[in-house]
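Pasted below: model.cif, mmCIF, C-alpha atoms.
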```
data_final
#
loop_
_atom_site.group_PDB
_atom_site.id
_atom_site.type_symbol
_atom_site.label_atom_id
_atom_site.label_comp_id
_atom_site.auth_asym_id
_atom_site.auth_seq_id
_atom_site.Cartn_x
_atom_site.Cartn_y
_atom_site.Cartn_z
ATOM 1 C CA MET C 1 -20.289 1.626 19.335
ATOM 2 C CA ASN C 2 -17.489 4.044 18.476
ATOM 3 C CA ARG C 3 -17.574 5.731 15.039
ATOM 4 C CA LEU C 4 -13.984 4.815 14.184
ATOM 5 C CA PHE C 5 -14.558 1.215 15.246
ATOM 6 C CA TYR C 6 -17.573 1.135 12.937
ATOM 7 C CA ILE C 7 -15.523 2.463 10.013
ATOM 8 C CA ARG C 8 -12.686 0.008 10.580
ATOM 9 C CA ARG C 9 -14.776 -3.062 11.283
ATOM 10 C CA TYR C 10 -17.900 -2.645 9.180
ATOM 11 C CA VAL C 11 -16.818 -0.433 6.285
ATOM 12 C CA PHE C 12 -13.265 -1.697 5.758
ATOM 13 C CA GLY C 13 -13.516 -5.092 7.501
ATOM 14 C CA ILE C 14 -9.888 -4.908 8.628
ATOM 15 C CA THR C 15 -7.774 -5.200 11.778
ATOM 16 C CA GLN C 16 -6.455 -2.342 13.862
ATOM 17 C CA ALA C 17 -2.981 -3.011 12.453
ATOM 18 C CA GLU C 18 -4.280 -2.728 8.887
ATOM 19 C CA MET C 19 -6.131 0.505 9.708
ATOM 20 C CA ALA C 20 -2.954 1.849 11.279
ATOM 21 C CA GLY C 21 -1.162 1.260 7.987
ATOM 22 C CA ILE C 22 -3.859 3.169 6.123
ATOM 23 C CA ALA C 23 -3.867 6.099 8.551
ATOM 24 C CA GLY C 24 -0.086 6.207 8.909
ATOM 25 C CA VAL C 25 -0.085 5.597 12.668
ATOM 26 C CA ARG C 26 0.723 2.719 15.026
ATOM 27 C CA GLN C 27 -1.852 0.123 16.019
ATOM 28 C CA ASN C 28 -2.036 1.412 19.588
ATOM 29 C CA GLN C 29 -3.167 4.783 18.209
ATOM 30 C CA ILE C 30 -6.136 3.076 16.511
ATOM 31 C CA SER C 31 -7.028 1.505 19.847
ATOM 32 C CA ARG C 32 -6.922 4.932 21.497
ATOM 33 C CA TRP C 33 -9.229 6.340 18.821
ATOM 34 C CA GLU C 34 -11.681 3.505 19.267
ATOM 35 C CA HIS C 35 -11.715 3.947 23.046
ATOM 36 C CA GLY C 36 -12.224 7.703 22.770
ATOM 37 C CA LEU C 37 -8.870 8.547 24.333
ATOM 38 C CA ARG C 38 -7.536 10.391 21.284
ATOM 39 C CA ARG C 39 -8.894 11.774 18.035
ATOM 40 C CA PRO C 40 -7.413 11.380 14.575
ATOM 41 C CA SER C 41 -5.994 14.428 12.832
ATOM 42 C CA LEU C 42 -7.492 15.852 9.659
ATOM 43 C CA VAL C 43 -4.626 14.307 7.664
ATOM 44 C CA GLU C 44 -5.352 10.865 9.153
ATOM 45 C CA LEU C 45 -9.057 11.214 8.404
ATOM 46 C CA GLU C 46 -8.238 12.185 4.818
ATOM 47 C CA ARG C 47 -6.058 9.074 4.464
ATOM 48 C CA ILE C 48 -8.931 6.892 5.673
ATOM 49 C CA ARG C 49 -11.367 8.541 3.257
ATOM 50 C CA ALA C 50 -8.920 8.163 0.358
ATOM 51 C CA ALA C 51 -8.393 4.481 1.176
ATOM 52 C CA ALA C 52 -12.160 3.891 1.141
ATOM 53 C CA ALA C 53 -12.422 5.573 -2.260
ATOM 54 C CA ALA C 54 -9.467 3.593 -3.625
ATOM 55 C CA ARG C 55 -11.179 0.364 -2.521
ATOM 56 C CA ASN C 56 -14.568 1.459 -3.918
ATOM 57 C CA LEU C 57 -16.148 1.119 -0.482
ATOM 58 C CA PRO C 58 -19.422 2.843 0.356
ATOM 59 C CA TRP C 59 -18.572 6.093 2.108
ATOM 60 C CA ASP C 60 -20.176 9.004 3.929
ATOM 61 C CA ASP C 61 -18.062 11.677 5.650
ATOM 62 C CA SER C 62 -20.716 12.003 8.340
ATOM 63 C CA TRP C 63 -19.501 8.654 9.738
ATOM 64 C CA PHE C 64 -16.540 10.533 11.207
ATOM 65 C CA PHE C 65 -19.030 12.427 13.381
ATOM 66 C CA GLU C 66 -21.977 10.100 13.949
ATOM 67 C CA LEU C 67 -22.952 6.496 13.404
ATOM 68 C CA PRO C 68 -25.380 5.651 10.600
ATOM 69 C CA GLU C 69 -28.975 5.676 11.852
ATOM 70 C CA GLU C 70 -29.423 1.929 11.376
ATOM 71 C CA VAL C 71 -26.410 1.246 13.619
ATOM 72 C CA ALA C 72 -27.075 3.952 16.224
ATOM 73 C CA ALA C 73 -30.650 2.781 16.862
#
```

Rewrite the structure from the file as structure tokens, please.
Amino acid sequence: MNRLFYIRRYVFGITQAEMAGIAGVRQNQISRWEHGLRRPSLVELERIRAAAAARNLPWDDSWFFELPEEVAA
């Protein structure tokens, strides 16, 4: 499972289009991230983190780099 897919699907519970709105990109960019074809910029990652905080979602910055142990196993 891709880390960005995990964040979008299991932390936010939203569609690629909704995540695109949060990150300030187009939906096809989210798809590229999730398929490992591109990586989000620092600004885009900060937007995602800020959106999680604004929604009071559980958050750990390490999810940008690795899946939580319970998911990766």

- Resolved residues for the PyMOL selection byres ((chain C and resi 39) around 12) as an NGL selection string: :C and (2-4 or 29-38 or 40-45 or 64-65)

What does the file look like for those residues with C-alpha atoms, as a tab-separated table (two decimals), in the frame of the given file?
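Resulting contents of part34.tsv:
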```tsv
chain	number	residue	atom	x	y	z
C	2	ASN	CA	-17.49	4.04	18.48
C	3	ARG	CA	-17.57	5.73	15.04
C	4	LEU	CA	-13.98	4.82	14.18
C	29	GLN	CA	-3.17	4.78	18.21
C	30	ILE	CA	-6.14	3.08	16.51
C	31	SER	CA	-7.03	1.50	19.85
C	32	ARG	CA	-6.92	4.93	21.50
C	33	TRP	CA	-9.23	6.34	18.82
C	34	GLU	CA	-11.68	3.50	19.27
C	35	HIS	CA	-11.72	3.95	23.05
C	36	GLY	CA	-12.22	7.70	22.77
C	37	LEU	CA	-8.87	8.55	24.33
C	38	ARG	CA	-7.54	10.39	21.28
C	40	PRO	CA	-7.41	11.38	14.58
C	41	SER	CA	-5.99	14.43	12.83
C	42	LEU	CA	-7.49	15.85	9.66
C	43	VAL	CA	-4.63	14.31	7.66
C	44	GLU	CA	-5.35	10.86	9.15
C	45	LEU	CA	-9.06	11.21	8.40
C	64	PHE	CA	-16.54	10.53	11.21
C	65	PHE	CA	-19.03	12.43	13.38
```

- Task: Could you tell me which residues the PyMOL selection byres ((chain C and resi 6-22) around 8) grabs in this file, written as a VMD selection string?
- Result: chain C and resid 1 to 5 23 to 27 29 to 31 47 to 48 51 to 52 57 to 59 63 67

With 5 Å on each side, where is the centre of the axis-aligned box around all listed atoms of range 45-48 of chain C, and how long are its edges in Å to one decimal, as AutoDock Vina command-line options?
```
--center_x -7.6 --center_y 9.5 --center_z 6.4 --size_x 13.0 --size_y 15.3 --size_z 13.9
```
